[in-house]
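Trainee: Starting off with a structure, shown below.
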Amino acid sequence: MPDTARGSKTKPASSRVARSRIREGRPYPRGATWDGLGVNFAVFSAHATKVELCLFDDAGETELERIELPEYTDEVWHGYLPDARPGTIYGYRVHGPYEPTAGHRFNPNKLLIDPYAKGLVGSITWNPALFGYKMETGDDLTFDERDSAPFTRRSRVIDPAFTWGRDVKPNVPWEKTIVYETHVKGFTKLHPQVPEKLRGTYAGLGTQPVLDYIKSLGVTAVELLPVHAFVQDDYLQQKNLVNYWGYNTISFFTPARRYAAVPDFAFSEFKEMVARLHGAGLEVILDVVYNHTAEGNEKGPTLSFKGIDNASYYRLLPKEERYYINDTGTGNTFNLSHPHVLQLVTDSLRYWATEMRVDGFRFDLATILGRESYGFDEGGGFLDTCRQDPVLNAVKLIAEPWDCGPGGYQVGGFPPGWAEWNDRFRDDVRGYWKGDQGLLPSLASRITGSADKFDKRGRKPWASVNFLTAHDGFTLNDTVSYNDKHNEANGEGNRDGHSHNLSSNHGVEGPTDDAAIRAVRFRQMRNMLATLFLSRGTPMLLAGDEFARTQAGNNNAYCQDNEVSWIDWEKIGPEERDLAEFTQRLILLRSALPILTRGRFLTGAYDEEFGVKDVTWLRPDGGEMTRENWADGLALSLAVLVDGRAQASGIHRRGGDATLLVLYNAYHDLVSFTLPESVGGAAWTRLLDTNLSDAQAAESFETGSRYDVTGRSMLMFVLKPCAKAEGDAADSARDGEGGRDMERSYQHVMQAFERANIERVRFRDEGEDG
């Protein structure tokens with residue numbers, strides 16, 4: 001570690017703020033708040049004995065003055081500086097006991113980031129002075145007197161003013177939401193239509209070619225990997241790697257400068273990106289990390305919270321408060337049981353939802369947020385706060401419902417109003433199409449909204465966020481191209497990342513020119529994508545999966561800020577484009593099939609009044625599945641009939657949606673299916689066959705006929721209603737308005753089908769070929 005960095009000299013005789021002008025200020029709002037006349041500074045610390053505000057010159061290099069905050073109200077230190085302005089660069093030095101065994105790690109030699117800072121300047125240069133203890137001794141009980149200011153980041157006062165113009169939040173209903181997970185930098189870094197100076201930035205993500213592509217795909221929400229300011233880990237930098245994903249937050253209010261074309265205006269550039277995405281009808285969801293911080297365990301650096309009030313901000317081991325509870329696997333765990341820490345997190349969420357106008361949040365290791373001292377509690381303080389808060393209960397809240405602590409796996413355990421990442425969907429669907437045995441019952445549950453996990457307390461199928469892949473793990477292409485992970489580039493001897501990938505290379509590890517193997521791989525990708533978008537729940541698509549992006553088998557690319565993780569738009573060939581257009585057709589068909597997004601779980605119970613079952617599970621021979629059939633571990637084929645006449649909502653009346661038949665065949669060879677009879681239906685019209693890669697013509701098959709399904713393929717049919725004579729009294733008595741609704745629904749679906757075969761994903765400028 002270097003011993004020198006940019007200068008930071010104290011210059012008390014040259015102050016921009018006269019001491020006599022310092023006022024008491026207010027304890028709220030927290031942070032540094034510009035009111036048009038001056039700046040109010042307020043910071044929480046329950047155990048500090050003194051807090052000094054440190055002011056720097058405009059370059060952030062020279063420390064001009066240290067000013068003791070004059071007031072202490074309800075555990076908040078505060079003061080008001082009438083001569084401070086937006087752009088003022090500052091930090092804190094906090095005095096108090098250095099008693100690690102009692103949980104206290106105060107050290108005024110360490111310059112600290114304001115937990116409520118809206119802007120940061122500078123960067124961290126790893127140096128022993130960043131640590132509150134003397135690293136050379138290897139003992140965190142030894143107090144370190146070196147000044148950390150030359151090596152750490154400073155906070156900056158901002159003017160939040162921004163003209164939103166005609167910005168309107170899209171407010172997409174949950175049942176119509178389709179999430180697209182991506183990375184701010186990786187999505188546009190290699191995009192040929194984005195101006196070079198904007199590639200990899202917030203501004204780049206808001207350019208018209210990017211918006212046109214995302215919109216043409218049909219998704220409704222862009223979910224961004226962490227954009228809160230985060231730290232680059234020393235151990236990665238020593239290996240010439242970086243923290244690419246950003247799960248190492250140090251400031252919960254500050255957009256990362258590294259993603260801004262003009263770093264000093266990251267906050268306004270982020271807002272402009274949001275406005276442009278909203279203008280395209282797209283919601284913005286942020287992946288947020290409130291479960292831990294970049295300060296690590298007792299051997300980690302002192303950058304902010306640890307030096308402000310370690311005993312309050314972190315969960316410490318009872319009776320061994322020198323050490324941290326590590327339910328996150330990252331060294332520390334943020335203590336949301338503390339009211340001021342809970343307030344910090346909820347203030348941060350409200351800031352991003354109101355000031356930055358984002359539409360929702362995906363919470364990393366969200367079980368942590370529901371933990372109390374005794375374990376996870378769906379009625380815990382944070383979860384209760386979100387449910388009653390008028391701002392937070394109006395945005396989308398998505399939990400990653402697990403952590404590394406005891407009882408950490410909580411899929412289905414979050415309260416009403418929350419959606420959850422459903423890794424059971426990922427694993428069961430991957431396993432089924434891989435050919436694993438005994439998965440038909442699990443598959444049936446996953447494609448109908450995972451009622452076994454979510455059907456309680458009035459929760460809806462949308463609470464299950466269904467995904468095949470995410471940033472963490474194989475891409476979809478790699479899932480069908482590799483048996484094993486290949487993380488050698490991460491510098492950990494391929495020991496990092498999961499080994500249980502439920503993947504198959506189908507004969508060759510990695511890329512191949514073998515046409516037969518490539519055909520199977522692309523069909524398997526179509527199978528999984530079709531399963532995703534034709535299932536109940538909220539689908540989430542990993543950016544690039546729609547055109548078979550690869551990471552060369554790396555399933556833990558968190559440290560790869562390079563071509564491994566960046567989307568290479570120039571490598572999209574005919575096969576990849578066909579897959580993207582297939583994905584677009586799936587999304588268009590989903591939007592035209594309300595039966596897939598109904599707010600009711602399917603039960604299979606027979607409705608005596610309407611004479612229908614909402615869902616019927618069938619064997620390939622057309623007979624209904626029996627208990628013995630479900631228990632047959634060798635069975636790999638299944639048909640599901642979802643009846644549009646079934647009750648659609650809590651109102652007891654016959655539905656009028658289109659009736660669907662979906663055939664699943666994970667067997668490696670052809671299986672002949674009988675297309676079942678259905679009351680009021682004359683034929684089944686094929687909308688989708690994953691064995692056919694390009695646009696397909698509509699073709700109808702009589703009910704009761706046989707259809708040979710190719711090995712490892714999936715089909716979807718819509719029921720074509722019987723032709724009816726106008727004014728048929730008997731028909732009206734039997735079906736009433738419901739029958740006419742079904743006819744209209746069928747026509748609507750067929751119109752969407754034709755549109756899906758005409759539209760093309762916009763990879764290029766409008767007017768270019770293709």
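Every chain in the structure tokens has a letter given in the order shown (A, B, ...), and although residue numbers restart at 1 in each chain, ligands are simply numbered from 1 in the order shown.
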For Gly329 in chain A, please output as a list in words all residues within 10 Å (counting only C-alpha atoms; exclusion window: fewer than 2 positions along the same chain).

Mentor: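 Neighbouring residues, sequence-local ones excluded: His292, Gly296, Ile325, Asn326, Asp327, Gly331, Asn332, Thr333, Asp403, Cys404 and Gly405 of chain A.
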
Trainee: So which residues touch Thr616 in chain A within 12 Å, counting only C-alpha atoms, skipping near sequence neighbours fewer than 4 positions away, as number ranges by chain?

Mentor: A: 444, 448, 602-606, 612, 622-626, 638-644, 646, 659-662, 676-678

Trainee: Excluding Arg362 in chain A and any residue of its chain fewer than 5 positions from it, enumerate the residues within 9 Å of it, using only C-alpha atoms, and give them as a PyMOL selection string.

Mentor: chain A and resi 223+285-289+396-400+420-421

Trainee: Could you save the residues just selected, with all heavy atoms, as a compact mmCIF listing (two decimals), in the first residue's frame?

Mentor:
```
# COMPACT_ATOMS: atom_id res chain seq x y z
N GLU A 223 -34.22 -2.76 -14.47
CA GLU A 223 -33.67 -2.91 -13.12
C GLU A 223 -32.15 -2.79 -13.21
O GLU A 223 -31.50 -3.60 -13.87
CB GLU A 223 -34.06 -4.25 -12.51
CG GLU A 223 -33.53 -4.47 -11.10
CD GLU A 223 -33.96 -5.79 -10.50
OE1 GLU A 223 -35.17 -6.04 -10.47
OE2 GLU A 223 -33.08 -6.56 -10.08
N ILE A 285 -36.04 0.54 -11.72
CA ILE A 285 -35.92 -0.16 -10.44
C ILE A 285 -34.44 -0.23 -10.09
O ILE A 285 -33.61 -0.58 -10.94
CB ILE A 285 -36.53 -1.57 -10.53
CG1 ILE A 285 -38.04 -1.47 -10.82
CG2 ILE A 285 -36.29 -2.37 -9.24
CD1 ILE A 285 -38.70 -2.81 -11.09
N LEU A 286 -34.10 0.10 -8.86
CA LEU A 286 -32.70 0.07 -8.42
C LEU A 286 -32.44 -1.14 -7.54
O LEU A 286 -33.21 -1.44 -6.63
CB LEU A 286 -32.36 1.33 -7.63
CG LEU A 286 -32.48 2.68 -8.33
CD1 LEU A 286 -31.94 3.78 -7.41
CD2 LEU A 286 -31.74 2.68 -9.65
N ASP A 287 -31.34 -1.81 -7.81
CA ASP A 287 -30.83 -2.87 -6.93
C ASP A 287 -30.08 -2.16 -5.81
O ASP A 287 -29.09 -1.46 -6.07
CB ASP A 287 -29.90 -3.78 -7.72
CG ASP A 287 -29.58 -5.07 -7.01
OD1 ASP A 287 -29.66 -5.10 -5.76
OD2 ASP A 287 -29.23 -6.07 -7.68
N VAL A 288 -30.54 -2.30 -4.58
CA VAL A 288 -29.97 -1.54 -3.47
C VAL A 288 -29.40 -2.49 -2.41
O VAL A 288 -29.91 -3.59 -2.19
CB VAL A 288 -31.02 -0.61 -2.83
CG1 VAL A 288 -31.32 0.55 -3.78
CG2 VAL A 288 -32.30 -1.34 -2.49
N VAL A 289 -28.34 -2.01 -1.77
CA VAL A 289 -27.60 -2.82 -0.79
C VAL A 289 -27.61 -2.09 0.55
O VAL A 289 -26.80 -1.21 0.80
CB VAL A 289 -26.15 -3.05 -1.25
CG1 VAL A 289 -25.44 -4.02 -0.30
CG2 VAL A 289 -26.10 -3.56 -2.68
N LYS A 396 -42.57 -0.23 -6.20
CA LYS A 396 -42.35 -1.67 -6.27
C LYS A 396 -41.23 -2.08 -5.33
O LYS A 396 -40.14 -1.50 -5.36
CB LYS A 396 -42.04 -2.09 -7.71
CG LYS A 396 -43.24 -1.97 -8.64
CD LYS A 396 -42.90 -2.45 -10.05
CE LYS A 396 -44.17 -2.63 -10.88
NZ LYS A 396 -44.83 -1.36 -11.22
N LEU A 397 -41.49 -3.07 -4.50
CA LEU A 397 -40.52 -3.58 -3.53
C LEU A 397 -40.28 -5.05 -3.83
O LEU A 397 -41.19 -5.87 -3.77
CB LEU A 397 -41.05 -3.41 -2.10
CG LEU A 397 -41.41 -1.99 -1.67
CD1 LEU A 397 -42.03 -2.00 -0.28
CD2 LEU A 397 -40.19 -1.07 -1.71
N ILE A 398 -39.03 -5.38 -4.17
CA ILE A 398 -38.66 -6.75 -4.55
C ILE A 398 -37.57 -7.24 -3.62
O ILE A 398 -36.52 -6.61 -3.49
CB ILE A 398 -38.16 -6.80 -6.00
CG1 ILE A 398 -39.21 -6.20 -6.96
CG2 ILE A 398 -37.83 -8.23 -6.40
CD1 ILE A 398 -38.70 -6.04 -8.39
N ALA A 399 -37.81 -8.35 -2.97
CA ALA A 399 -36.83 -8.91 -2.03
C ALA A 399 -36.01 -10.02 -2.69
O ALA A 399 -36.56 -10.85 -3.42
CB ALA A 399 -37.54 -9.47 -0.81
N GLU A 400 -34.70 -10.00 -2.43
CA GLU A 400 -33.91 -11.22 -2.62
C GLU A 400 -34.02 -11.95 -1.27
O GLU A 400 -33.33 -11.59 -0.32
CB GLU A 400 -32.45 -10.88 -2.94
CG GLU A 400 -31.61 -12.13 -3.18
CD GLU A 400 -30.14 -11.82 -3.38
OE1 GLU A 400 -29.61 -10.92 -2.67
OE2 GLU A 400 -29.50 -12.47 -4.22
N GLU A 420 -40.92 -11.16 -4.59
CA GLU A 420 -39.69 -11.84 -4.19
C GLU A 420 -39.06 -12.57 -5.36
O GLU A 420 -39.78 -13.18 -6.17
CB GLU A 420 -39.97 -12.86 -3.07
CG GLU A 420 -40.63 -12.30 -1.84
CD GLU A 420 -41.00 -13.40 -0.85
OE1 GLU A 420 -40.25 -14.39 -0.73
OE2 GLU A 420 -42.06 -13.29 -0.21
N TRP A 421 -37.75 -12.49 -5.45
CA TRP A 421 -37.03 -13.34 -6.39
C TRP A 421 -37.32 -14.80 -6.03
O TRP A 421 -37.15 -15.21 -4.88
CB TRP A 421 -35.53 -13.09 -6.30
CG TRP A 421 -35.05 -11.99 -7.21
CD1 TRP A 421 -35.77 -10.96 -7.71
CD2 TRP A 421 -33.72 -11.85 -7.71
NE1 TRP A 421 -34.97 -10.17 -8.49
CE2 TRP A 421 -33.72 -10.68 -8.52
CE3 TRP A 421 -32.54 -12.57 -7.56
CZ2 TRP A 421 -32.56 -10.23 -9.17
CZ3 TRP A 421 -31.39 -12.13 -8.21
CH2 TRP A 421 -31.40 -10.98 -9.00
```

Trainee: Find the residues near Ser123 in chain A: any atom within 7 Å, counting only C-alpha atoms, skip ones fewer than 2 places away on the same chain, and give them as a PyMOL selection string.

Mentor: chain A and resi 121+125+152-153

Trainee: Pick the closest to Gln751 in chain A from A:Arg619, A:Leu687, A:Pro27, A:Val219: which is it, counting only C-alpha atoms?

Mentor: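 Going through A:Arg619, A:Leu687, A:Pro27, A:Val219 one by one, the smallest distance to Gln751 in chain A is for A:Leu687.
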
Trainee: Quick one: residues within 12 Å of Glu295 in chain A, only C-alpha atoms counted, chain neighbours fewer than 2 positions away excluded, as a PyMOL selection string?

Mentor: chain A and resi 112-113+130-132+230-234+248-251+292-293+297-307+310+313-314+324+330-334

Trainee: One number please: CA of Val615 in chain A to CA of Lys434 in chain A, in Å, one decimal.

Mentor: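 CA of Lys434 in chain A lies at a distance of 25.3 Å from CA of Val615 in chain A.
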
Trainee: From a DSSP calculation on the backbone, collect every residue of range 27-226 of chain A in helix (DSSP H, G or I) and output the set as a PDB file with N, CA, C and O atoms, in the first residue's frame.

Mentor:
```pdb
ATOM      1  N   PRO A 100     -12.871  -1.071  21.226  1.00  0.00           N
ATOM      2  CA  PRO A 100     -13.473  -2.101  20.390  1.00  0.00           C
ATOM      3  C   PRO A 100     -14.189  -3.194  21.171  1.00  0.00           C
ATOM      4  O   PRO A 100     -15.214  -3.707  20.710  1.00  0.00           O
ATOM      5  N   THR A 101     -13.692  -3.541  22.356  1.00  0.00           N
ATOM      6  CA  THR A 101     -14.345  -4.598  23.128  1.00  0.00           C
ATOM      7  C   THR A 101     -15.727  -4.179  23.616  1.00  0.00           C
ATOM      8  O   THR A 101     -16.561  -5.024  23.953  1.00  0.00           O
ATOM      9  N   ALA A 102     -15.976  -2.852  23.627  1.00  0.00           N
ATOM     10  CA  ALA A 102     -17.303  -2.344  23.979  1.00  0.00           C
ATOM     11  C   ALA A 102     -18.074  -1.906  22.733  1.00  0.00           C
ATOM     12  O   ALA A 102     -19.158  -1.321  22.842  1.00  0.00           O
ATOM     13  N   PRO A 128      -2.606   2.270   4.970  1.00  0.00           N
ATOM     14  CA  PRO A 128      -2.846   1.892   6.372  1.00  0.00           C
ATOM     15  C   PRO A 128      -3.556   2.970   7.185  1.00  0.00           C
ATOM     16  O   PRO A 128      -4.251   2.657   8.159  1.00  0.00           O
ATOM     17  N   ALA A 129      -3.445   4.233   6.765  1.00  0.00           N
ATOM     18  CA  ALA A 129      -4.069   5.316   7.521  1.00  0.00           C
ATOM     19  C   ALA A 129      -5.595   5.259   7.462  1.00  0.00           C
ATOM     20  O   ALA A 129      -6.270   5.909   8.268  1.00  0.00           O
ATOM     21  N   LEU A 130      -6.166   4.502   6.527  1.00  0.00           N
ATOM     22  CA  LEU A 130      -7.620   4.387   6.422  1.00  0.00           C
ATOM     23  C   LEU A 130      -8.215   3.541   7.542  1.00  0.00           C
ATOM     24  O   LEU A 130      -9.430   3.551   7.751  1.00  0.00           O
ATOM     25  N   MET A 135      -2.548  -1.203  11.633  1.00  0.00           N
ATOM     26  CA  MET A 135      -2.563  -2.469  10.901  1.00  0.00           C
ATOM     27  C   MET A 135      -1.291  -3.279  11.091  1.00  0.00           C
ATOM     28  O   MET A 135      -1.316  -4.505  11.068  1.00  0.00           O
ATOM     29  N   GLU A 136      -0.174  -2.575  11.286  1.00  0.00           N
ATOM     30  CA  GLU A 136       1.101  -3.281  11.372  1.00  0.00           C
ATOM     31  C   GLU A 136       1.144  -4.272  12.528  1.00  0.00           C
ATOM     32  O   GLU A 136       1.880  -5.264  12.478  1.00  0.00           O
ATOM     33  N   THR A 137       0.356  -3.997  13.560  1.00  0.00           N
ATOM     34  CA  THR A 137       0.362  -4.906  14.714  1.00  0.00           C
ATOM     35  C   THR A 137      -0.537  -6.118  14.486  1.00  0.00           C
ATOM     36  O   THR A 137      -0.418  -7.116  15.194  1.00  0.00           O
ATOM     37  N   ALA A 149      -7.307  11.561   5.829  1.00  0.00           N
ATOM     38  CA  ALA A 149      -7.876  12.493   4.852  1.00  0.00           C
ATOM     39  C   ALA A 149      -7.216  12.432   3.477  1.00  0.00           C
ATOM     40  O   ALA A 149      -7.919  12.532   2.463  1.00  0.00           O
ATOM     41  N   PRO A 150      -5.889  12.276   3.372  1.00  0.00           N
ATOM     42  CA  PRO A 150      -5.299  12.254   2.035  1.00  0.00           C
ATOM     43  C   PRO A 150      -5.734  11.058   1.193  1.00  0.00           C
ATOM     44  O   PRO A 150      -5.494  11.051  -0.022  1.00  0.00           O
ATOM     45  N   PHE A 151      -6.356  10.068   1.808  1.00  0.00           N
ATOM     46  CA  PHE A 151      -6.573   8.808   1.110  1.00  0.00           C
ATOM     47  C   PHE A 151      -8.045   8.431   0.928  1.00  0.00           C
ATOM     48  O   PHE A 151      -8.350   7.390   0.360  1.00  0.00           O
ATOM     49  N   TRP A 174     -48.492  -4.196 -11.338  1.00  0.00           N
ATOM     50  CA  TRP A 174     -47.621  -5.345 -11.098  1.00  0.00           C
ATOM     51  C   TRP A 174     -47.911  -6.476 -12.077  1.00  0.00           C
ATOM     52  O   TRP A 174     -46.992  -7.111 -12.598  1.00  0.00           O
ATOM     53  N   GLU A 175     -49.193  -6.742 -12.345  1.00  0.00           N
ATOM     54  CA  GLU A 175     -49.514  -7.908 -13.173  1.00  0.00           C
ATOM     55  C   GLU A 175     -49.070  -7.733 -14.623  1.00  0.00           C
ATOM     56  O   GLU A 175     -49.008  -8.715 -15.373  1.00  0.00           O
ATOM     57  N   LYS A 176     -48.742  -6.504 -15.030  1.00  0.00           N
ATOM     58  CA  LYS A 176     -48.265  -6.272 -16.391  1.00  0.00           C
ATOM     59  C   LYS A 176     -46.763  -6.006 -16.439  1.00  0.00           C
ATOM     60  O   LYS A 176     -46.217  -5.713 -17.505  1.00  0.00           O
ATOM     61  N   VAL A 184     -25.576  -0.406 -15.723  1.00  0.00           N
ATOM     62  CA  VAL A 184     -25.486   0.886 -16.389  1.00  0.00           C
ATOM     63  C   VAL A 184     -24.323   0.913 -17.382  1.00  0.00           C
ATOM     64  O   VAL A 184     -24.485   1.302 -18.546  1.00  0.00           O
ATOM     65  N   LYS A 185     -23.166   0.487 -16.934  1.00  0.00           N
ATOM     66  CA  LYS A 185     -21.992   0.574 -17.798  1.00  0.00           C
ATOM     67  C   LYS A 185     -21.998  -0.512 -18.866  1.00  0.00           C
ATOM     68  O   LYS A 185     -21.816  -0.244 -20.051  1.00  0.00           O
ATOM     69  N   GLY A 186     -22.215  -1.749 -18.436  1.00  0.00           N
ATOM     70  CA  GLY A 186     -22.065  -2.876 -19.350  1.00  0.00           C
ATOM     71  C   GLY A 186     -23.037  -2.867 -20.509  1.00  0.00           C
ATOM     72  O   GLY A 186     -22.745  -3.408 -21.581  1.00  0.00           O
ATOM     73  N   PHE A 187     -24.204  -2.240 -20.337  1.00  0.00           N
ATOM     74  CA  PHE A 187     -25.215  -2.281 -21.388  1.00  0.00           C
ATOM     75  C   PHE A 187     -24.815  -1.429 -22.591  1.00  0.00           C
ATOM     76  O   PHE A 187     -25.124  -1.781 -23.732  1.00  0.00           O
ATOM     77  N   THR A 188     -24.129  -0.306 -22.360  1.00  0.00           N
ATOM     78  CA  THR A 188     -23.834   0.605 -23.471  1.00  0.00           C
ATOM     79  C   THR A 188     -22.354   0.781 -23.763  1.00  0.00           C
ATOM     80  O   THR A 188     -21.999   1.490 -24.713  1.00  0.00           O
ATOM     81  N   GLU A 196     -19.417   7.901 -28.263  1.00  0.00           N
ATOM     82  CA  GLU A 196     -18.340   7.269 -27.481  1.00  0.00           C
ATOM     83  C   GLU A 196     -18.194   7.878 -26.093  1.00  0.00           C
ATOM     84  O   GLU A 196     -17.988   7.165 -25.111  1.00  0.00           O
ATOM     85  N   LYS A 197     -18.336   9.183 -25.975  1.00  0.00           N
ATOM     86  CA  LYS A 197     -18.150   9.834 -24.672  1.00  0.00           C
ATOM     87  C   LYS A 197     -19.286   9.518 -23.696  1.00  0.00           C
ATOM     88  O   LYS A 197     -19.156   9.755 -22.492  1.00  0.00           O
ATOM     89  N   LEU A 198     -20.396   8.981 -24.214  1.00  0.00           N
ATOM     90  CA  LEU A 198     -21.532   8.647 -23.351  1.00  0.00           C
ATOM     91  C   LEU A 198     -21.630   7.145 -23.057  1.00  0.00           C
ATOM     92  O   LEU A 198     -22.479   6.748 -22.255  1.00  0.00           O
ATOM     93  N   TYR A 202     -24.873   6.975 -17.340  1.00  0.00           N
ATOM     94  CA  TYR A 202     -26.316   7.214 -17.202  1.00  0.00           C
ATOM     95  C   TYR A 202     -26.851   7.852 -18.488  1.00  0.00           C
ATOM     96  O   TYR A 202     -27.918   7.469 -18.993  1.00  0.00           O
ATOM     97  N   ALA A 203     -26.122   8.830 -18.995  1.00  0.00           N
ATOM     98  CA  ALA A 203     -26.560   9.512 -20.209  1.00  0.00           C
ATOM     99  C   ALA A 203     -26.630   8.543 -21.381  1.00  0.00           C
ATOM    100  O   ALA A 203     -27.541   8.629 -22.210  1.00  0.00           O
ATOM    101  N   GLY A 204     -25.691   7.610 -21.453  1.00  0.00           N
ATOM    102  CA  GLY A 204     -25.701   6.625 -22.533  1.00  0.00           C
ATOM    103  C   GLY A 204     -26.931   5.747 -22.490  1.00  0.00           C
ATOM    104  O   GLY A 204     -27.495   5.388 -23.536  1.00  0.00           O
ATOM    105  N   LEU A 205     -27.354   5.381 -21.278  1.00  0.00           N
ATOM    106  CA  LEU A 205     -28.535   4.538 -21.144  1.00  0.00           C
ATOM    107  C   LEU A 205     -29.795   5.278 -21.562  1.00  0.00           C
ATOM    108  O   LEU A 205     -30.805   4.652 -21.901  1.00  0.00           O
ATOM    109  N   GLN A 208     -31.436   7.664 -27.470  1.00  0.00           N
ATOM    110  CA  GLN A 208     -32.601   7.172 -28.201  1.00  0.00           C
ATOM    111  C   GLN A 208     -32.433   5.755 -28.757  1.00  0.00           C
ATOM    112  O   GLN A 208     -33.365   4.953 -28.656  1.00  0.00           O
ATOM    113  N   PRO A 209     -31.279   5.391 -29.350  1.00  0.00           N
ATOM    114  CA  PRO A 209     -31.159   4.011 -29.851  1.00  0.00           C
ATOM    115  C   PRO A 209     -31.318   2.965 -28.754  1.00  0.00           C
ATOM    116  O   PRO A 209     -31.905   1.903 -28.982  1.00  0.00           O
ATOM    117  N   VAL A 210     -30.812   3.275 -27.562  1.00  0.00           N
ATOM    118  CA  VAL A 210     -30.935   2.336 -26.444  1.00  0.00           C
ATOM    119  C   VAL A 210     -32.392   2.244 -26.000  1.00  0.00           C
ATOM    120  O   VAL A 210     -32.931   1.150 -25.792  1.00  0.00           O
ATOM    121  N   LEU A 211     -33.043   3.393 -25.859  1.00  0.00           N
ATOM    122  CA  LEU A 211     -34.453   3.401 -25.466  1.00  0.00           C
ATOM    123  C   LEU A 211     -35.307   2.675 -26.501  1.00  0.00           C
ATOM    124  O   LEU A 211     -36.205   1.900 -26.141  1.00  0.00           O
ATOM    125  N   ASP A 212     -35.023   2.912 -27.785  1.00  0.00           N
ATOM    126  CA  ASP A 212     -35.809   2.261 -28.834  1.00  0.00           C
ATOM    127  C   ASP A 212     -35.679   0.745 -28.756  1.00  0.00           C
ATOM    128  O   ASP A 212     -36.664   0.018 -28.920  1.00  0.00           O
ATOM    129  N   TYR A 213     -34.464   0.260 -28.501  1.00  0.00           N
ATOM    130  CA  TYR A 213     -34.271  -1.185 -28.417  1.00  0.00           C
ATOM    131  C   TYR A 213     -35.027  -1.780 -27.242  1.00  0.00           C
ATOM    132  O   TYR A 213     -35.781  -2.761 -27.389  1.00  0.00           O
ATOM    133  N   ILE A 214     -34.840  -1.203 -26.068  1.00  0.00           N
ATOM    134  CA  ILE A 214     -35.487  -1.761 -24.873  1.00  0.00           C
ATOM    135  C   ILE A 214     -37.001  -1.730 -25.032  1.00  0.00           C
ATOM    136  O   ILE A 214     -37.697  -2.700 -24.717  1.00  0.00           O
ATOM    137  N   LYS A 215     -37.502  -0.616 -25.539  1.00  0.00           N
ATOM    138  CA  LYS A 215     -38.947  -0.487 -25.719  1.00  0.00           C
ATOM    139  C   LYS A 215     -39.457  -1.503 -26.735  1.00  0.00           C
ATOM    140  O   LYS A 215     -40.523  -2.106 -26.542  1.00  0.00           O
ATOM    141  N   SER A 216     -38.725  -1.705 -27.831  1.00  0.00           N
ATOM    142  CA  SER A 216     -39.175  -2.635 -28.865  1.00  0.00           C
ATOM    143  C   SER A 216     -39.204  -4.071 -28.363  1.00  0.00           C
ATOM    144  O   SER A 216     -39.989  -4.890 -28.845  1.00  0.00           O
ATOM    145  N   LEU A 217     -38.382  -4.371 -27.374  1.00  0.00           N
ATOM    146  CA  LEU A 217     -38.373  -5.721 -26.816  1.00  0.00           C
ATOM    147  C   LEU A 217     -39.675  -6.038 -26.091  1.00  0.00           C
ATOM    148  O   LEU A 217     -40.131  -7.181 -26.073  1.00  0.00           O
TER     149      LEU A 217
END
```

Trainee: Show me, as number ranges by chain, the residues that have an atom within 8 Å of range 585-592 of chain A when counting only C-alpha atoms, minus same-chain residues fewer than 6 positions from it.

Mentor: A: 176, 217-219, 530, 533-534, 748-749, 752-753, 756-757

Trainee: Name the closest residue to Lys485 in chain A among the candidates A:Thr177, A:Asn554, A:Ser503, A:Thr73; distances are taken between atoms, counting only C-alpha atoms.

Mentor: A:Asn554

Trainee: Based on the backbone DSSP call, show me all residues of range 367-539 of chain A assigned strand (DSSP E or B), as number ranges by chain.

Mentor: A: 371-372, 375-376, 396-399, 419-422, 448, 464-467, 536, 538-539

Trainee: Within 12 Å of Arg457 in chain A, counting only C-alpha atoms, which residues show up once you throw out same-chain ones fewer than 4 positions away? Write them as a PyMOL selection string, please.

Mentor: chain A and resi 412-418+451+453+463

Trainee: Ranking A:Thr385, A:Thr538, A:Ser445, A:Gln437 by minimum distance to Leu634 in chain A and counting only C-alpha atoms, which one comes first?

Mentor: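 Residue with the minimum atom-to-atom distance to Leu634 in chain A: A:Gln437.
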
Trainee: For Ala261 in chain A, which residue out of A:His228, A:Lys319, A:Lys456, A:Arg199 is the nearest one, using only C-alpha atoms?

Mentor: A:Arg199

Trainee: Just checking: using only C-alpha atoms, which residue out of A:Ala697, A:Leu344, A:Leu618, A:Leu636 ends up closest to Asp436 in chain A?

Mentor: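 Looking at the shortest contact to Asp436 in chain A, the residue is A:Leu636.
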
Trainee: May I ask which of the residues A:Asp694, A:Asp74, A:Glu283, A:Asp689 is the closest one to Asp359 in chain A, counting only C-alpha atoms?

Mentor: A:Glu283
